[in-house]
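So the structure is just underneath, and the comments pick up after that.
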Amino acid sequence: MKKASPKAPQLTPEEIRRAADYVELVWRYQDSEQERVALEAFHADGPELARLVGEFGTLLLASHLSAVSDEHTDCEAGVVLGGLVAVTSRYLKRWCLAGGEARAAWSTAGFLIECMQEVDQVDQFLADIRGGTGWLATA
């Protein structure tokens, strides 16, 4: 069983789906008219979107990308990984709250996509975290 960081943010299911939809849109973006319109709609809510993506990033890092199995939480590697996640999460939150709004959200989404690609699980992470719904499923 994987253990989430106790400092992971508590997001509503709707916030999680919205953030996952945004990350997926950034990941799949091919510059079509439909995608441009969808990005503009997300980016119109700049400060809130940046905050949400920063919180989502913290949740994704702590609970999905770097969660440590219960039997390894006290191991040196588990402690080090927990520290790296804490530092990265603080940085993401600060970056997303410091301004830049849509640009911060876009950059944070890009960072999270790189993390997910590193473990070759972008589709699965987004499906798991969102529960299989999103703008692409309904578009």
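Convention: chains lettered A, B, ... in structure tokens order; per-chain residue numbering from 1; ligands numbered from 1 as shown.
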
- [ ] as a count of residues only, please: all residues of range 14-90 of chain A that backbone DSSP puts in helix (DSSP H, G or I).
- [x] 64

TODO: List the neighbours of Ala20 in chain A out to 12 Å using only C-alpha atoms; skip same-chain residues closer than 3 positions along the sequence, and give me the result as a ChimeraX atom specification.
DONE: /A:11,13-17,23-27,42,49,52-57,59-60,105,109,112-113,122-136

Open item on the list: Report as an MDAnalysis selection string all protein, DNA and RNA residues lying within 10 Å of Trp95 in chain A, evaluated on only C-alpha atoms, omitting residues in the same chain fewer than 6 positions from it.
Closed with: chainID A and resid 50:51 54 89 101 104:105 107:108

Please write the residues from the selection above to a file, keeping N, CA and C atoms, as an mmCIF file, in the first residue's frame.
data_model
loop_
_atom_site.group_PDB
_atom_site.id
_atom_site.type_symbol
_atom_site.label_atom_id
_atom_site.label_comp_id
_atom_site.auth_asym_id
_atom_site.auth_seq_id
_atom_site.Cartn_x
_atom_site.Cartn_y
_atom_site.Cartn_z
ATOM 1 N N ALA A 50 -3.565 28.826 -11.705
ATOM 2 C CA ALA A 50 -2.189 28.626 -11.242
ATOM 3 C C ALA A 50 -2.180 27.983 -9.860
ATOM 4 N N ARG A 51 -3.020 28.484 -8.944
ATOM 5 C CA ARG A 51 -3.096 27.903 -7.605
ATOM 6 C C ARG A 51 -3.522 26.450 -7.670
ATOM 7 N N GLY A 54 -0.810 24.177 -9.077
ATOM 8 C CA GLY A 54 0.237 24.008 -8.071
ATOM 9 C C GLY A 54 -0.169 23.007 -6.992
ATOM 10 N N SER A 89 7.370 20.349 -3.983
ATOM 11 C CA SER A 89 5.995 20.812 -3.782
ATOM 12 C C SER A 89 5.965 22.264 -3.312
ATOM 13 N N GLU A 101 0.451 33.647 -13.415
ATOM 14 C CA GLU A 101 -0.855 33.068 -13.663
ATOM 15 C C GLU A 101 -0.859 31.974 -14.720
ATOM 16 N N ALA A 104 2.521 30.400 -15.345
ATOM 17 C CA ALA A 104 2.934 29.513 -14.252
ATOM 18 C C ALA A 104 2.187 28.190 -14.333
ATOM 19 N N ALA A 105 0.894 28.239 -14.627
ATOM 20 C CA ALA A 105 0.109 27.008 -14.753
ATOM 21 C C ALA A 105 0.630 26.153 -15.904
ATOM 22 N N SER A 107 3.667 26.158 -17.285
ATOM 23 C CA SER A 107 4.990 25.625 -16.959
ATOM 24 C C SER A 107 4.909 24.496 -15.941
ATOM 25 N N THR A 108 4.042 24.659 -14.946
ATOM 26 C CA THR A 108 3.864 23.613 -13.944
ATOM 27 C C THR A 108 3.288 22.357 -14.577
#

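Here CA of Phe111 in chain A and CA of Asp74 in chain A stand 27.7 Å from one another.
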
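The gap separating CA of Ala19 in chain A from CA of Leu39 in chain A is 12.2 Å, in Å to one decimal.
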
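The shortest atom-to-atom distance to Ala62 in chain A, with only C-alpha atoms taken into account, belongs to A:Gly82 out of A:Cys115, A:Thr12, A:Gly82, A:Cys96.
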